[in-house]
Amino acid sequence: MKKDDKLVQEITSREVDFAKWYTDIVRKAELIDYSSVRGCCVLRPYGYAIWENIQKILDAKFKELGHENVMMPLFIPESLLQKEKDHVEGFAPEVAWVTMGGSEQLAERLCVRPTSETLFCEHYANIIHSYRDLPKLYNQWCSVVRWEKSTRPFLRTAEFLWQEGHTMHATAEEAIEETERMLGVYADFAQEQLAMPVVCGRKTDKEKFAGAEATYTIEAMMHDGKALQSGTSHYFGDGFAKAFDITFTDRDNQLKHPHQTSWGMSTRIIGGIIMTHGDDNGLVLPPAVAPIQIVIVPIAFHKGGVLETAQQLCQTLQQAGFRVKLDDSDATPGWKFAEYEMKGVPLRVEIGPRDIEAGVCVAVSRDNREKTEVPIAELAQRVPELLEAYRRRLYEKALQNREARTTAARTMEEVKAQSAAGNGFIKTMWCGELACEEAMKEQAGLTSRCMPFEQETLSDVCPVCGKPAKTMVIWGKAY
RNA sequence: CUGGGUGUGGCGCAGUUUGGUAGCGUGCUUGAAUGGGGUUCAAGAGGCCGGAGGUUCAAGUCCUCUCACCCAGACCA
């Protein structure tokens, strides 16, 4: 990158140190602050506003599909957590425990929820009796706690915000359909609203959720070539239902166990947005979730008429439904340009005495800094197309990065060489054996990201063991 | 958990080797000019040097212990 391209000197360049770049962004763009509790972050107004926008869009979609929001307790009694064996084994190493109430030792210690399957199951056992009670389509927006060994803002924090949907269905088919439908919701959301290309697929047994029969995932690739699991959807079969003794009487008067799903997306996705679209000048936000979609920067606004015109323009754009900010602070224009680029505002509108005389303003896109002169009277009508073109460019750029970093390998030599050449997705066939999956980790440092729904036949044998293989797996290094 | 690194005005850092009056940049406040890519000048305010012990006439600096954060692993939704 040319020196002149980088106008914000305070941010470490992506190419120099991607991890440092990331940390710089989350702090300089005022998304988070660290707190005095290890691994717990403060979500500052600008960071939280992104989450609120994500929430608004997803919540509307969930409700459109018939889901209802509920609030489950924060605590899970140890005995309840232990009802499903695989589940407790998966989560026990990373739960926080409450052992005291005031000054009294509790009779049974309480775990701070790392996820709420057990709580939903306990409740469902109470309220599901008949096929008429099904399906139950519940969701909750909350925070959960996982005592992670190492943490990073958004990507892995001890406490994080998410939504968790938990549904119960009369038949396996219906539950599987729900699992796939919700994965589709996440995939559409990521691609359409966040401009993040994703690969949809199924997790291997090694990577699947503790207690699930099948786990599906959307996998995104970050700018540095590492993978980020960006949303998941699980099919549980009736395993939890049996463990928690959830039964219903079906139409045929038979007592049956319902089939269950759960699915979640967390604030981690914000880390994904940052690492997918951000550049050396700061954040680059997709319009759908940007807290400010348009910033108006008046130039020389102490001169006659500039501020008034800017205020009118701001009002017009707000009435047209956009999230707009007019920055009439007395910082210099150059400072404001850099500031709102750092914050990833999609569109900047400059308006000064020269423009007003000509009846125009200047619209500048965050991603390529391209300037478009637009008649002031037409701006509100032109904004949708400007934002849509911008969104498409973000998507295309991310897709190109992913494709440039995706390779196929047929032998272990190829796998090792491609892995050593840099981060990215490596596609291979796989026999299905855990030993071969572990060998990929040991020999090439790769973990399986997913078995994509869109399969290809690269060869007919597993590159590790040479045995027949029908499944194609995408491997990579993950956040 | 393992290895490495860092804690000094709000933020970023120097100072620690060789103990001797706590500094720089930036941000902040006030005033003025400027204003199309982090503008300039002037005047100000702001620090128990992460915490606890110790050595010393004297500790940001040396010793011991501790806490936190960052990075890389390992672990893991």
# chains A, B, ... in the order shown; residues from 1 in each chain; ligands from 1
call {"tool": "residues_around", "arguments": {"residues": "region 163-178 of chain A", "least_positions_apart": "6", "cutoff": "6 Å", "atoms": "only C-alpha atoms (C1' of nucleotides)", "output": "list in words"}}
result
Leu134, Pro135, Lys136, Leu137, Tyr138, Asn139, Gln140, Trp141, Pro258, His259, Gln260, Thr261, Ser262, Trp263, Gly264 and Met265 of chain A
call {"tool": "interface_residues", "arguments": {"of": "chain B", "to": "chain A", "cutoff": "9 Å", "atoms": "only C-alpha atoms (C1' of nucleotides)", "output": "JSON, numbers by chain"}}
result
{"B": [1, 34, 35, 36, 37, 38, 39, 68, 69, 71, 75, 76, 77]}
call {"tool": "residues_around", "arguments": {"residues": "region 10-14 of chain B", "least_positions_apart": "2", "cutoff": "12 Å", "atoms": "only C-alpha atoms (C1' of nucleotides)", "output": "VMD selection string"}}
result
(chain A and resid 9 to 11 24 27 to 28) or (chain B and resid 6 8 16 22 to 28 46 to 47 60)
call {"tool": "write_last_selection", "arguments": {"atoms": "N, CA and C atoms (P, O5', C5', C4', C3', O3' and C1' of nucleotides)", "output": "short mmCIF file (atom, residue, chain, number, x, y, z; two decimals), in the first residue's frame"}}
result
data_model
loop_
_atom_site.label_atom_id
_atom_site.label_comp_id
_atom_site.auth_asym_id
_atom_site.auth_seq_id
_atom_site.Cartn_x
_atom_site.Cartn_y
_atom_site.Cartn_z
N GLN A 9 -2.84 7.60 10.82
CA GLN A 9 -1.55 7.08 11.25
C GLN A 9 -1.64 6.29 12.55
N GLU A 10 -2.74 6.45 13.26
CA GLU A 10 -2.82 5.83 14.58
C GLU A 10 -3.12 4.34 14.52
N ILE A 11 -3.53 3.88 13.35
CA ILE A 11 -3.90 2.47 13.23
C ILE A 11 -2.76 1.68 12.61
N ASP A 24 -6.48 -2.23 17.55
CA ASP A 24 -6.52 -0.77 17.33
C ASP A 24 -7.92 -0.33 16.91
N ARG A 27 -10.71 -0.29 19.57
CA ARG A 27 -10.55 0.76 20.57
C ARG A 27 -10.68 2.16 19.96
N LYS A 28 -10.03 2.37 18.81
CA LYS A 28 -10.03 3.71 18.20
C LYS A 28 -11.41 4.07 17.65
P U B 6 8.81 -5.78 27.84
"O5'" U B 6 7.43 -5.05 28.07
"C5'" U B 6 6.87 -4.24 27.05
"C4'" U B 6 5.50 -3.79 27.46
"C3'" U B 6 5.44 -3.08 28.80
"O3'" U B 6 5.86 -1.73 28.69
"C1'" U B 6 3.67 -4.64 28.66
P U B 8 0.92 2.59 32.40
"O5'" U B 8 2.07 3.32 33.20
"C5'" U B 8 1.89 3.70 34.54
"C4'" U B 8 2.64 4.96 34.84
"C3'" U B 8 2.31 6.15 33.94
"O3'" U B 8 1.15 6.81 34.40
"C1'" U B 8 4.64 5.93 34.08
P U B 16 17.34 4.58 31.36
"O5'" U B 16 16.78 3.77 32.60
"C5'" U B 16 17.07 4.17 33.93
"C4'" U B 16 16.69 3.08 34.89
"C3'" U B 16 17.35 1.73 34.60
"O3'" U B 16 17.74 1.12 35.82
"C1'" U B 16 14.97 1.52 34.53
P A B 22 10.88 14.32 41.36
"O5'" A B 22 10.36 14.37 39.85
"C5'" A B 22 11.28 14.44 38.79
"C4'" A B 22 10.58 14.11 37.51
"C3'" A B 22 9.56 15.13 37.03
"O3'" A B 22 10.26 16.21 36.42
"C1'" A B 22 8.81 12.90 36.66
P G B 23 9.65 17.23 35.41
"O5'" G B 23 9.87 16.46 34.04
"C5'" G B 23 9.46 17.07 32.85
"C4'" G B 23 9.96 16.26 31.68
"C3'" G B 23 9.05 16.34 30.47
"O3'" G B 23 9.32 17.52 29.73
"C1'" G B 23 9.63 14.09 30.86
P C B 24 8.19 18.21 28.89
"O5'" C B 24 8.11 17.26 27.61
"C5'" C B 24 9.22 17.20 26.72
"C4'" C B 24 8.97 16.15 25.66
"C3'" C B 24 7.66 16.31 24.91
"O3'" C B 24 7.74 17.30 23.90
"C1'" C B 24 7.97 14.04 25.50
P G B 25 6.42 18.06 23.46
"O5'" G B 25 5.61 16.97 22.64
"C5'" G B 25 6.11 16.49 21.39
"C4'" G B 25 5.23 15.38 20.88
"C3'" G B 25 3.74 15.71 20.81
"O3'" G B 25 3.42 16.44 19.65
"C1'" G B 25 4.02 13.61 21.82
P U B 26 2.21 17.51 19.70
"O5'" U B 26 0.95 16.58 19.92
"C5'" U B 26 0.45 15.73 18.87
"C4'" U B 26 -0.64 14.83 19.41
"C3'" U B 26 -1.78 15.51 20.12
"O3'" U B 26 -2.66 16.18 19.22
"C1'" U B 26 -1.05 13.75 21.47
P G B 27 -3.99 16.73 19.12
"O5'" G B 27 -4.83 16.21 20.39
"C5'" G B 27 -5.89 15.28 20.22
"C4'" G B 27 -6.42 14.86 21.57
"C3'" G B 27 -7.07 15.98 22.37
"O3'" G B 27 -8.42 16.17 21.99
"C1'" G B 27 -5.55 14.82 23.74
P C B 28 -9.07 17.59 22.08
"O5'" C B 28 -9.09 17.85 23.66
"C5'" C B 28 -9.89 17.05 24.52
"C4'" C B 28 -9.77 17.53 25.93
"C3'" C B 28 -9.98 19.03 26.11
"O3'" C B 28 -11.36 19.35 26.19
"C1'" C B 28 -8.02 18.39 27.26
P G B 46 -2.81 21.33 38.12
"O5'" G B 46 -3.03 19.89 37.49
"C5'" G B 46 -4.27 19.19 37.72
"C4'" G B 46 -4.36 18.04 36.75
"C3'" G B 46 -3.29 16.98 36.92
"O3'" G B 46 -3.69 16.03 37.90
"C1'" G B 46 -3.50 17.56 34.63
P G B 47 -2.73 15.68 39.11
"O5'" G B 47 -1.79 14.55 38.52
"C5'" G B 47 -2.33 13.37 37.90
"C4'" G B 47 -1.29 12.31 37.92
"C3'" G B 47 -0.64 12.08 39.28
"O3'" G B 47 -1.39 11.10 39.97
"C1'" G B 47 0.97 12.07 37.50
P G B 60 10.18 6.56 43.20
"O5'" G B 60 9.65 6.08 41.78
"C5'" G B 60 8.69 5.05 41.70
"C4'" G B 60 8.79 4.33 40.39
"C3'" G B 60 10.06 3.50 40.22
"O3'" G B 60 9.86 2.20 40.71
"C1'" G B 60 9.75 4.90 38.33
#
call {"tool": "residues_around", "arguments": {"residues": "region 98-106 of chain A", "least_positions_apart": "2", "cutoff": "12 Å", "atoms": "only C-alpha atoms (C1' of nucleotides)", "output": "PyMOL selection string"}}
result
chain A and resi 74-78+95-96+108-113
call {"tool": "select_by_dssp", "arguments": {"residues": "region 131-307 of chain A", "states": "strand (DSSP E)", "output": "VMD selection string"}}
result
chain A and resid 136 to 145 159 to 169 198 to 202 214 to 221 227 to 237 248 to 249 255 to 256 259 to 266 294 to 298
call {"tool": "write_last_selection", "arguments": {"atoms": "C-alpha atoms", "output": "PDB file, in the first residue's frame"}}
result
ATOM      1  CA  LYS A 136     -42.669 -24.504  20.480  1.00  0.00           C
ATOM      2  CA  LEU A 137     -40.578 -21.799  18.840  1.00  0.00           C
ATOM      3  CA  TYR A 138     -38.776 -19.802  21.518  1.00  0.00           C
ATOM      4  CA  ASN A 139     -35.861 -17.431  21.353  1.00  0.00           C
ATOM      5  CA  GLN A 140     -34.053 -15.310  23.886  1.00  0.00           C
ATOM      6  CA  TRP A 141     -31.694 -12.355  23.651  1.00  0.00           C
ATOM      7  CA  CYS A 142     -29.305 -12.454  26.559  1.00  0.00           C
ATOM      8  CA  SER A 143     -25.713 -12.717  27.630  1.00  0.00           C
ATOM      9  CA  VAL A 144     -23.945 -15.952  28.526  1.00  0.00           C
ATOM     10  CA  VAL A 145     -20.700 -16.646  30.337  1.00  0.00           C
ATOM     11  CA  GLU A 159     -19.357 -12.818  28.766  1.00  0.00           C
ATOM     12  CA  PHE A 160     -21.023 -12.149  25.452  1.00  0.00           C
ATOM     13  CA  LEU A 161     -24.361 -11.118  24.008  1.00  0.00           C
ATOM     14  CA  TRP A 162     -26.242 -13.415  21.687  1.00  0.00           C
ATOM     15  CA  GLN A 163     -29.579 -14.824  20.820  1.00  0.00           C
ATOM     16  CA  GLU A 164     -30.365 -18.463  21.307  1.00  0.00           C
ATOM     17  CA  GLY A 165     -33.372 -20.016  19.647  1.00  0.00           C
ATOM     18  CA  HIS A 166     -34.681 -23.267  21.146  1.00  0.00           C
ATOM     19  CA  THR A 167     -37.477 -25.111  19.406  1.00  0.00           C
ATOM     20  CA  MET A 168     -39.407 -28.331  19.943  1.00  0.00           C
ATOM     21  CA  HIS A 169     -41.158 -30.244  17.184  1.00  0.00           C
ATOM     22  CA  VAL A 198     -20.300 -17.504   3.889  1.00  0.00           C
ATOM     23  CA  VAL A 199     -19.965 -21.224   3.299  1.00  0.00           C
ATOM     24  CA  CYS A 200     -22.887 -23.243   4.619  1.00  0.00           C
ATOM     25  CA  GLY A 201     -22.200 -26.749   5.771  1.00  0.00           C
ATOM     26  CA  ARG A 202     -22.230 -29.347   8.474  1.00  0.00           C
ATOM     27  CA  ALA A 214     -25.861 -32.527  13.933  1.00  0.00           C
ATOM     28  CA  THR A 215     -24.395 -29.031  13.894  1.00  0.00           C
ATOM     29  CA  TYR A 216     -24.624 -26.738  10.898  1.00  0.00           C
ATOM     30  CA  THR A 217     -22.555 -23.636  10.448  1.00  0.00           C
ATOM     31  CA  ILE A 218     -21.949 -20.590   8.349  1.00  0.00           C
ATOM     32  CA  GLU A 219     -18.201 -20.124   7.940  1.00  0.00           C
ATOM     33  CA  ALA A 220     -16.810 -16.786   6.863  1.00  0.00           C
ATOM     34  CA  MET A 221     -13.269 -15.962   5.836  1.00  0.00           C
ATOM     35  CA  ALA A 227     -12.036 -18.722   9.346  1.00  0.00           C
ATOM     36  CA  LEU A 228     -14.739 -17.417  11.636  1.00  0.00           C
ATOM     37  CA  GLN A 229     -17.694 -19.557  12.608  1.00  0.00           C
ATOM     38  CA  SER A 230     -20.339 -16.884  12.313  1.00  0.00           C
ATOM     39  CA  GLY A 231     -23.579 -18.593  13.242  1.00  0.00           C
ATOM     40  CA  THR A 232     -24.736 -22.108  14.030  1.00  0.00           C
ATOM     41  CA  SER A 233     -27.831 -24.208  14.019  1.00  0.00           C
ATOM     42  CA  HIS A 234     -28.107 -27.545  15.809  1.00  0.00           C
ATOM     43  CA  TYR A 235     -30.357 -30.543  15.441  1.00  0.00           C
ATOM     44  CA  PHE A 236     -30.666 -32.457  18.694  1.00  0.00           C
ATOM     45  CA  GLY A 237     -32.941 -35.309  17.773  1.00  0.00           C
ATOM     46  CA  PHE A 248     -46.256 -35.429  24.451  1.00  0.00           C
ATOM     47  CA  THR A 249     -49.244 -37.455  23.373  1.00  0.00           C
ATOM     48  CA  LEU A 255     -46.549 -40.980  24.155  1.00  0.00           C
ATOM     49  CA  LYS A 256     -43.551 -39.583  22.237  1.00  0.00           C
ATOM     50  CA  HIS A 259     -37.425 -33.321  18.477  1.00  0.00           C
ATOM     51  CA  GLN A 260     -35.358 -30.294  19.261  1.00  0.00           C
ATOM     52  CA  THR A 261     -33.223 -27.576  17.668  1.00  0.00           C
ATOM     53  CA  SER A 262     -31.180 -24.647  18.845  1.00  0.00           C
ATOM     54  CA  TRP A 263     -29.435 -21.896  16.931  1.00  0.00           C
ATOM     55  CA  GLY A 264     -27.443 -18.839  17.802  1.00  0.00           C
ATOM     56  CA  MET A 265     -25.601 -15.797  16.587  1.00  0.00           C
ATOM     57  CA  SER A 266     -23.499 -13.656  18.895  1.00  0.00           C
ATOM     58  CA  ILE A 294     -24.463   9.111   6.348  1.00  0.00           C
ATOM     59  CA  VAL A 295     -22.353  11.808   7.949  1.00  0.00           C
ATOM     60  CA  ILE A 296     -22.701  15.369   6.755  1.00  0.00           C
ATOM     61  CA  VAL A 297     -19.558  17.479   7.015  1.00  0.00           C
ATOM     62  CA  PRO A 298     -20.169  21.181   6.462  1.00  0.00           C
TER      63      PRO A 298
END
call {"tool": "residues_around", "arguments": {"residues": "Gly359 (chain A)", "least_positions_apart": "3", "cutoff": "6 Å", "atoms": "only C-alpha atoms (C1' of nucleotides)", "output": "list in words"}}
result
Asp355, Ile356, Pro375 and Ile376 of chain A
call {"tool": "atom_distance", "arguments": {"atom1": "CA of Glu213 (chain A)", "atom2": "CA of Lys61 (chain A)"}}
result
25.6 Å
call {"tool": "decode", "arguments": {"residues": "region 318-348 of chain A", "atoms": "C-alpha atoms", "output": "PDB file, in the first residue's frame"}}
result
ATOM      1  CA  GLN A 318     -33.655  11.567   8.220  1.00  0.00           C
ATOM      2  CA  GLN A 319     -37.184  11.871   6.960  1.00  0.00           C
ATOM      3  CA  ALA A 320     -36.253   9.578   4.104  1.00  0.00           C
ATOM      4  CA  GLY A 321     -35.420   6.963   6.775  1.00  0.00           C
ATOM      5  CA  PHE A 322     -31.634   7.106   6.953  1.00  0.00           C
ATOM      6  CA  ARG A 323     -29.476   7.239  10.056  1.00  0.00           C
ATOM      7  CA  VAL A 324     -27.738  10.578   9.588  1.00  0.00           C
ATOM      8  CA  LYS A 325     -25.346  12.666  11.609  1.00  0.00           C
ATOM      9  CA  LEU A 326     -24.487  16.272  10.963  1.00  0.00           C
ATOM     10  CA  ASP A 327     -21.137  17.064  12.505  1.00  0.00           C
ATOM     11  CA  ASP A 328     -21.203  20.782  13.225  1.00  0.00           C
ATOM     12  CA  SER A 329     -18.440  20.603  15.821  1.00  0.00           C
ATOM     13  CA  ASP A 330     -15.568  22.998  15.230  1.00  0.00           C
ATOM     14  CA  ALA A 331     -13.007  20.314  14.382  1.00  0.00           C
ATOM     15  CA  THR A 332     -11.488  20.799  10.938  1.00  0.00           C
ATOM     16  CA  PRO A 333     -12.998  19.044   7.916  1.00  0.00           C
ATOM     17  CA  GLY A 334      -9.891  16.906   7.501  1.00  0.00           C
ATOM     18  CA  TRP A 335     -10.180  15.714  11.056  1.00  0.00           C
ATOM     19  CA  LYS A 336     -13.817  14.818  10.546  1.00  0.00           C
ATOM     20  CA  PHE A 337     -13.083  12.918   7.351  1.00  0.00           C
ATOM     21  CA  ALA A 338     -10.550  10.758   9.141  1.00  0.00           C
ATOM     22  CA  GLU A 339     -12.778  10.345  12.185  1.00  0.00           C
ATOM     23  CA  TYR A 340     -15.787   9.007  10.295  1.00  0.00           C
ATOM     24  CA  GLU A 341     -13.639   6.805   8.136  1.00  0.00           C
ATOM     25  CA  MET A 342     -12.214   5.314  11.294  1.00  0.00           C
ATOM     26  CA  LYS A 343     -15.778   4.687  12.399  1.00  0.00           C
ATOM     27  CA  GLY A 344     -16.706   3.084   9.102  1.00  0.00           C
ATOM     28  CA  VAL A 345     -19.567   5.401   8.136  1.00  0.00           C
ATOM     29  CA  PRO A 346     -20.620   4.240   4.632  1.00  0.00           C
ATOM     30  CA  LEU A 347     -21.329   7.612   3.094  1.00  0.00           C
ATOM     31  CA  ARG A 348     -19.956  11.071   3.755  1.00  0.00           C
TER      32      ARG A 348
END
